[in-house]
$ cat upload-v5.cif   # mmCIF, C-alpha atoms and all ligand atoms
data_target
#
loop_
_atom_site.label_atom_id
_atom_site.label_comp_id
_atom_site.auth_asym_id
_atom_site.auth_seq_id
_atom_site.Cartn_x
_atom_site.Cartn_y
_atom_site.Cartn_z
CA MET Y 1 118.31 195.04 158.91
CA ASN Y 2 115.83 195.79 156.08
CA CYS Y 3 112.10 196.03 156.86
CA LYS Y 4 111.12 192.85 154.95
CA ILE Y 5 113.50 190.85 157.15
CA GLU Y 6 112.36 192.65 160.32
CA ALA Y 7 108.75 191.74 159.44
CA ILE Y 8 109.71 188.06 159.15
CA LEU Y 9 111.60 188.15 162.45
CA ALA Y 10 108.63 189.81 164.19
CA ARG Y 11 106.53 186.72 163.42
CA LYS Y 12 108.41 184.54 165.93
CA GLY Y 13 105.79 182.81 168.09
CA LYS Y 14 102.95 184.69 166.33
CA ALA Y 15 102.37 183.72 162.69
CA PRO Y 16 103.99 180.80 160.83
CA VAL Y 17 106.24 181.60 157.87
CA ALA Y 18 105.81 179.85 154.50
CA GLU Y 19 108.99 179.48 152.41
CA LEU Y 20 109.19 177.73 149.05
CA THR Y 21 111.96 177.26 146.52
CA ALA Y 22 111.79 178.73 143.01
CA TYR Y 23 114.50 178.97 140.41
CA ASP Y 24 113.03 180.80 137.41
CA TYR Y 25 110.89 183.84 136.57
CA PRO Y 26 107.43 182.27 135.95
CA THR Y 27 107.57 179.98 138.98
CA ALA Y 28 108.83 182.75 141.25
CA ARG Y 29 106.13 185.09 139.98
CA LEU Y 30 103.42 182.48 140.60
CA VAL Y 31 104.57 181.68 144.14
CA ASP Y 32 105.06 185.36 144.95
CA GLU Y 33 101.58 186.24 143.68
CA ALA Y 34 100.17 183.30 145.66
CA GLY Y 35 101.53 184.96 148.81
CA VAL Y 36 104.54 182.94 149.94
CA ASP Y 37 106.62 184.81 152.56
CA MET Y 38 110.10 183.78 151.42
CA ILE Y 39 111.39 182.37 148.13
CA LEU Y 40 114.52 180.27 148.47
CA VAL Y 41 116.66 180.00 145.36
CA GLY Y 42 118.08 176.79 146.74
CA ASP Y 43 121.10 174.94 145.46
CA SER Y 44 118.60 172.08 145.13
CA LEU Y 45 118.38 173.59 141.64
CA GLY Y 46 121.42 171.42 140.90
CA MET Y 47 119.14 168.38 141.11
CA VAL Y 48 115.67 169.55 140.06
CA MET Y 49 116.73 172.02 137.35
CA LEU Y 50 120.17 170.90 136.16
CA GLY Y 51 120.03 167.11 136.56
CA TYR Y 52 123.02 166.63 138.87
CA PRO Y 53 122.89 163.82 141.47
CA ASP Y 54 123.28 166.23 144.43
CA THR Y 55 123.92 169.88 145.27
CA THR Y 56 127.73 169.65 145.29
CA HIS Y 57 127.99 170.43 141.54
CA VAL Y 58 126.32 173.84 141.83
CA THR Y 59 128.53 176.86 141.17
CA LEU Y 60 128.19 180.55 141.97
CA ALA Y 61 127.62 181.21 138.24
CA HIS Y 62 124.58 178.87 138.32
CA MET Y 63 123.22 180.64 141.39
CA LEU Y 64 123.69 184.16 140.00
CA HIS Y 65 121.82 183.22 136.81
CA HIS Y 66 118.81 181.83 138.72
CA VAL Y 67 118.72 184.42 141.53
CA GLU Y 68 118.61 187.22 138.97
CA ALA Y 69 115.56 185.65 137.26
CA VAL Y 70 113.74 185.06 140.56
CA ALA Y 71 114.49 188.58 141.82
CA ARG Y 72 112.89 190.04 138.66
CA ALA Y 73 109.66 188.22 139.58
CA ALA Y 74 109.44 188.60 143.37
CA LYS Y 75 107.61 191.76 144.36
CA LYS Y 76 106.66 190.90 147.97
CA ALA Y 77 108.48 187.78 149.12
CA VAL Y 78 111.95 187.84 150.67
CA VAL Y 79 114.37 186.29 148.16
CA VAL Y 80 116.93 184.07 149.90
CA ALA Y 81 119.89 182.92 147.78
CA ASP Y 82 121.78 179.75 148.65
CA MET Y 83 125.56 180.02 148.79
CA PRO Y 84 126.96 177.03 146.89
CA ILE Y 85 129.58 174.65 148.23
CA ASN Y 86 133.16 176.01 148.39
CA THR Y 87 132.04 179.63 148.06
CA TYR Y 88 132.28 180.37 151.79
CA ASN Y 89 135.44 178.58 152.89
CA THR Y 90 136.75 181.72 154.63
CA PRO Y 91 134.97 184.79 156.07
CA GLU Y 92 136.43 186.96 153.27
CA GLN Y 93 135.24 184.59 150.54
CA ALA Y 94 131.82 184.33 152.25
CA VAL Y 95 131.35 188.13 152.18
CA GLU Y 96 132.38 188.30 148.50
CA THR Y 97 129.93 185.54 147.56
CA ALA Y 98 127.11 187.07 149.59
CA GLN Y 99 127.72 190.49 148.01
CA ALA Y 100 127.63 188.97 144.51
CA LEU Y 101 124.26 187.30 145.26
CA MET Y 102 122.85 190.53 146.74
CA ALA Y 103 124.03 192.46 143.66
CA VAL Y 104 121.74 190.35 141.41
CA GLY Y 105 118.70 190.91 143.62
CA ALA Y 106 118.76 188.64 146.68
CA ASP Y 107 117.38 190.02 149.97
CA ALA Y 108 119.31 187.49 152.08
CA VAL Y 109 121.69 184.56 151.71
CA LYS Y 110 121.69 181.04 153.16
CA LEU Y 111 124.67 178.87 154.01
CA GLU Y 112 125.02 175.45 155.61
CA GLY Y 113 126.52 174.71 159.01
CA GLY Y 114 126.62 176.10 162.53
CA VAL Y 115 129.73 176.16 164.71
CA ALA Y 116 131.93 175.41 161.66
CA VAL Y 117 130.78 178.54 159.78
CA GLU Y 118 130.10 180.92 162.68
CA ALA Y 119 132.92 183.27 161.55
CA GLN Y 120 131.57 183.29 157.99
CA ILE Y 121 128.01 184.10 159.11
CA ARG Y 122 129.29 186.85 161.42
CA ALA Y 123 131.36 188.40 158.61
CA ILE Y 124 128.33 188.43 156.28
CA THR Y 125 125.93 189.90 158.85
CA GLN Y 126 128.54 192.51 159.84
CA ALA Y 127 128.68 193.49 156.16
CA GLY Y 128 124.95 194.27 156.50
CA ILE Y 129 123.64 191.19 154.66
CA PRO Y 130 120.84 189.15 156.28
CA VAL Y 131 121.63 185.45 156.74
CA GLN Y 132 119.50 182.33 157.00
CA GLY Y 133 121.46 179.47 158.57
CA HIS Y 134 120.95 175.77 157.79
CA ILE Y 135 121.52 173.02 160.39
CA GLY Y 136 120.70 169.32 160.84
CA LEU Y 137 121.12 167.49 157.55
CA LEU Y 138 123.51 169.50 155.37
CA PRO Y 139 123.02 168.49 151.70
CA GLN Y 140 126.45 169.90 150.71
CA LYS Y 141 128.04 167.43 153.19
CA VAL Y 142 125.84 164.47 152.32
CA LYS Y 143 128.70 162.44 150.84
CA GLU Y 144 130.93 162.56 153.94
CA ASP Y 145 127.93 162.46 156.31
CA GLY Y 146 126.41 159.07 155.50
CA GLY Y 147 123.75 160.05 152.93
CA TYR Y 148 120.27 161.53 153.40
CA ARG Y 149 119.41 160.39 156.94
CA MET Y 150 117.53 161.67 159.96
CA HIS Y 151 119.81 163.69 162.27
CA GLY Y 152 119.67 164.12 166.06
CA LYS Y 153 118.75 160.55 166.93
CA THR Y 154 121.41 160.27 169.64
CA ASP Y 155 121.72 162.69 172.60
CA GLU Y 156 125.20 163.64 171.36
CA GLU Y 157 124.01 164.50 167.88
CA ALA Y 158 120.99 166.42 169.25
CA ALA Y 159 123.32 168.47 171.49
CA ALA Y 160 125.62 169.21 168.54
CA ILE Y 161 122.66 170.51 166.48
CA MET Y 162 121.63 172.71 169.44
CA ARG Y 163 125.21 174.10 169.56
CA ASP Y 164 124.98 174.78 165.80
CA MET Y 165 121.76 176.75 166.35
CA GLU Y 166 123.44 178.78 169.12
CA ALA Y 167 126.38 179.59 166.82
CA VAL Y 168 124.05 180.73 164.01
CA VAL Y 169 122.15 182.98 166.47
CA ARG Y 170 125.40 184.41 167.99
CA ALA Y 171 126.63 185.26 164.50
CA GLY Y 172 123.56 187.40 163.82
CA ALA Y 173 121.37 185.32 161.47
CA PHE Y 174 117.65 186.18 161.30
CA SER Y 175 116.48 182.64 160.54
CA VAL Y 176 117.68 179.06 160.42
CA VAL Y 177 116.54 176.06 158.35
CA ILE Y 178 116.38 172.81 160.33
CA GLU Y 179 116.56 169.90 157.89
CA CYS Y 180 115.70 166.24 158.59
CA THR Y 181 116.11 166.17 162.34
CA LYS Y 182 114.19 164.11 164.86
CA HIS Y 183 110.97 166.05 165.41
CA SER Y 184 111.53 166.53 169.15
CA VAL Y 185 114.95 168.04 168.38
CA ALA Y 186 113.45 170.58 165.95
CA LYS Y 187 110.82 171.51 168.56
CA ALA Y 188 113.42 171.89 171.35
CA ILE Y 189 115.58 174.08 169.08
CA THR Y 190 112.60 176.24 168.08
CA ASP Y 191 111.63 176.73 171.74
CA ALA Y 192 115.19 177.75 172.66
CA CYS Y 193 115.85 179.88 169.58
CA PRO Y 194 115.16 183.64 169.38
CA ILE Y 195 115.18 183.70 165.55
CA ILE Y 196 112.81 182.15 162.98
CA THR Y 197 113.25 178.38 162.57
CA ILE Y 198 112.13 176.87 159.27
CA GLY Y 199 111.67 173.11 159.11
CA ILE Y 200 111.98 170.64 156.26
CA GLY Y 201 111.57 166.96 157.05
CA ALA Y 202 111.63 167.95 160.72
CA GLY Y 203 107.98 167.28 161.64
CA ARG Y 204 104.82 169.35 161.54
CA SER Y 205 104.38 172.34 163.85
CA THR Y 206 107.86 171.89 165.27
CA CYS Y 207 109.26 175.11 163.77
CA ASP Y 208 108.21 178.74 163.19
CA GLY Y 209 107.65 177.95 159.52
CA GLU Y 210 108.33 175.42 156.79
CA VAL Y 211 110.21 175.30 153.51
CA ALA Y 212 109.53 172.92 150.64
CA VAL Y 213 111.20 172.28 147.30
CA PHE Y 214 108.76 173.52 144.64
CA HIS Y 215 109.06 170.36 142.53
CA ASP Y 216 108.20 168.18 145.56
CA LEU Y 217 105.11 170.28 146.22
CA VAL Y 218 103.73 170.11 142.69
CA GLY Y 219 104.95 166.65 141.60
CA GLY Y 220 107.38 168.18 139.13
CA PHE Y 221 110.28 165.75 139.60
CA PRO Y 222 108.66 162.29 139.51
CA TRP Y 223 111.96 160.38 139.51
CA PHE Y 224 112.61 161.19 143.17
CA THR Y 225 110.34 162.49 145.91
CA PRO Y 226 111.64 162.63 149.52
CA SER Y 227 109.62 160.54 151.99
CA PHE Y 228 108.61 163.64 153.99
CA ALA Y 229 107.28 165.55 150.93
CA ARG Y 230 103.52 166.14 150.68
CA PRO Y 231 102.79 166.70 146.95
CA ARG Y 232 99.65 168.75 146.28
CA ALA Y 233 99.64 168.46 142.48
CA ASP Y 234 100.96 166.17 139.77
CA ILE Y 235 102.28 168.48 137.07
CA ALA Y 236 104.62 165.82 135.61
CA THR Y 237 101.63 163.70 134.57
CA GLU Y 238 99.83 166.76 133.21
CA ILE Y 239 102.91 167.84 131.19
CA SER Y 240 103.26 164.31 129.73
CA ARG Y 241 99.57 164.28 128.82
CA ALA Y 242 99.74 167.67 127.08
CA VAL Y 243 102.92 166.76 125.18
CA LYS Y 244 101.51 163.40 124.01
CA GLU Y 245 98.30 165.13 122.92
CA TYR Y 246 100.36 167.70 120.96
CA ILE Y 247 102.53 165.01 119.30
CA SER Y 248 99.48 163.02 118.33
CA GLU Y 249 97.73 166.09 116.92
CA VAL Y 250 100.79 167.06 114.84
CA LYS Y 251 101.22 163.53 113.51
CA ASN Y 252 97.57 163.22 112.59
CA THR Y 253 97.04 166.58 110.96
CA ILE Y 254 100.15 167.27 108.86
O1 LIG S 1 118.54 173.97 148.39
C1 LIG S 1 117.45 173.85 148.97
O2 LIG S 1 116.37 173.76 148.35
C2 LIG S 1 117.46 173.85 150.42
C3 LIG S 1 116.21 173.41 151.11
C4 LIG S 1 116.17 171.93 151.13
C5 LIG S 1 116.11 173.98 152.48
O3 LIG S 1 118.45 174.13 151.02
#
$ encode --input "upload-v5.cif" --output "structure tokens"
Amino acid sequence: MNCKIEAILARKGKAPVAELTAYDYPTARLVDEAGVDMILVGDSLGMVMLGYPDTTHVTLAHMLHHVEAVARAAKKAVVVADMPINTYNTPEQAVETAQALMAVGADAVKLEGGVAVEAQIRAITQAGIPVQGHIGLLPQKVKEDGGYRMHGKTDEEAAAIMRDMEAVVRAGAFSVVIECTKHSVAKAITDACPIITIGIGAGRSTCDGEVAVFHDLVGGFPWFTPSFARPRADIATEISRAVKEYISEVKNTI
């Protein structure tokens, strides 16, 4: 395991880990220079960068293009590259995809699922590539899974998410994202889990760290903001203001 990943793992129970998405060079450089621990080139780029309705339209070609740009910018943060839907259907395909993402500069890869992708995660980690798992709400399965909803509300569902965490750990991942679960479920998983848990929509202080989508943090995608997001800026309004000012200046001076 490389030393950047070991340093993240060593923070379990000691110092919270801040992860943020970025998809392009200037954003990645800004968040890296601001001191974020991990940059996730998430397949959320399908929505916030490419205008698709969900992440299921993202291809490996899209990911390679964006990971390469982010990797050029990130000097300190761990760059985690999402593996898009249908690029890890078998362990062999998973290793090929992970190797392609590492070849353009990723430090680690992320894929969705627990028990169902244990063999894929194991094959990738055995090939020497660090893996971040992703359990709870799985955006790539949102169509068959009843939309964007809170997971782990029933005892059965909570137990299934716990089994997913155990599978991800057994397969050798260094971290796992827990998305949109009941807060008590995220906390119970974090307490039982030897690797770094990263929450999103899973409550505050329930995990070893948090991840946010950059556009949700800075108000950069005003047409949809998840209910759990806590925007800290409003760049969409500022961009509109600057553009209108520019248009008006051009129209009034030429
Ligand atoms: O693609 C993404 O941005 C993600 C986060 C929501 C964790 O997977």
$ closest_atom_pairs --input "upload-v5.cif" --of "chain Y" --to "ligand LIG 1 (chain S)" --cutoff "6 Å" --atoms "all atoms listed in the file" --output "CSV"
residue,atom,partner,partner_atom,distance
Y:Thr21,CA,S:LIG1,O2,5.9
Y:Gly42,CA,S:LIG1,O1,3.3
Y:Asp43,CA,S:LIG1,O1,4.0
Y:Ser44,CA,S:LIG1,O1,3.8
Y:Val213,CA,S:LIG1,O2,5.5
$ atom_distance --input "upload-v5.cif" --atom1 "atom CA of Y:Lys4" --atom2 "atom CA of Y:Asp107"
8.5 Å
$ residues_around --input "upload-v5.cif" --residues "stretch 181-190 of chain Y" --least-positions-apart "4" --cutoff "9 Å" --atoms "only C-alpha atoms" --output "MDAnalysis selection string"
chainID Y and resid 135:137 149:153 158:159 161:162 165 194:208
$ write_last_selection --input "upload-v5.cif" --atoms "C-alpha atoms" --output "short mmCIF file (atom, residue, chain, number, x, y, z; two decimals), keeping the file's coordinate frame"
data_model
loop_
_atom_site.label_atom_id
_atom_site.label_comp_id
_atom_site.auth_asym_id
_atom_site.auth_seq_id
_atom_site.Cartn_x
_atom_site.Cartn_y
_atom_site.Cartn_z
CA ILE Y 135 121.52 173.02 160.39
CA GLY Y 136 120.70 169.32 160.84
CA LEU Y 137 121.12 167.49 157.55
CA ARG Y 149 119.41 160.39 156.94
CA MET Y 150 117.53 161.67 159.96
CA HIS Y 151 119.81 163.69 162.27
CA GLY Y 152 119.67 164.12 166.06
CA LYS Y 153 118.75 160.55 166.93
CA ALA Y 158 120.99 166.42 169.25
CA ALA Y 159 123.32 168.47 171.49
CA ILE Y 161 122.66 170.51 166.48
CA MET Y 162 121.63 172.71 169.44
CA MET Y 165 121.76 176.75 166.35
CA PRO Y 194 115.16 183.64 169.38
CA ILE Y 195 115.18 183.70 165.55
CA ILE Y 196 112.81 182.15 162.98
CA THR Y 197 113.25 178.38 162.57
CA ILE Y 198 112.13 176.87 159.27
CA GLY Y 199 111.67 173.11 159.11
CA ILE Y 200 111.98 170.64 156.26
CA GLY Y 201 111.57 166.96 157.05
CA ALA Y 202 111.63 167.95 160.72
CA GLY Y 203 107.98 167.28 161.64
CA ARG Y 204 104.82 169.35 161.54
CA SER Y 205 104.38 172.34 163.85
CA THR Y 206 107.86 171.89 165.27
CA CYS Y 207 109.26 175.11 163.77
CA ASP Y 208 108.21 178.74 163.19
#
$ atom_distance --input "upload-v5.cif" --atom1 "atom CA of Y:Phe221" --atom2 "atom CA of Y:Arg29"
19.8 Å
$ closest_residue --input "upload-v5.cif" --among "Y:Arg241, Y:His57, Y:His65, Y:Lys12" --to "Y:Ala103" --atoms "all atoms listed in the file"
Y:His65
$ residues_around --input "upload-v5.cif" --residues "Y:Gln120" --least-positions-apart "5" --cutoff "8 Å" --atoms "all atoms listed in the file" --output "NGL selection string"
:Y and (88-92 or 94-95)
$ atom_distance --input "upload-v5.cif" --atom1 "atom CA of Y:Val109" --atom2 "atom CA of Y:Gln132"
6.1 Å
$ closest_residue --input "upload-v5.cif" --among "Y:Gln140, Y:Ser248, Y:Thr154, Y:Thr87" --to "Y:Gly113" --atoms "only C-alpha atoms"
Y:Gln140
$ axis_aligned_box --input "upload-v5.cif" --around "stretch 228-242 of chain Y" --padding-each-side "8 Å" --output "AutoDock Vina command-line options"
--center_x 104.1 --center_y 166.2 --center_z 140.5 --size_x 25.0 --size_y 21.1 --size_z 42.9
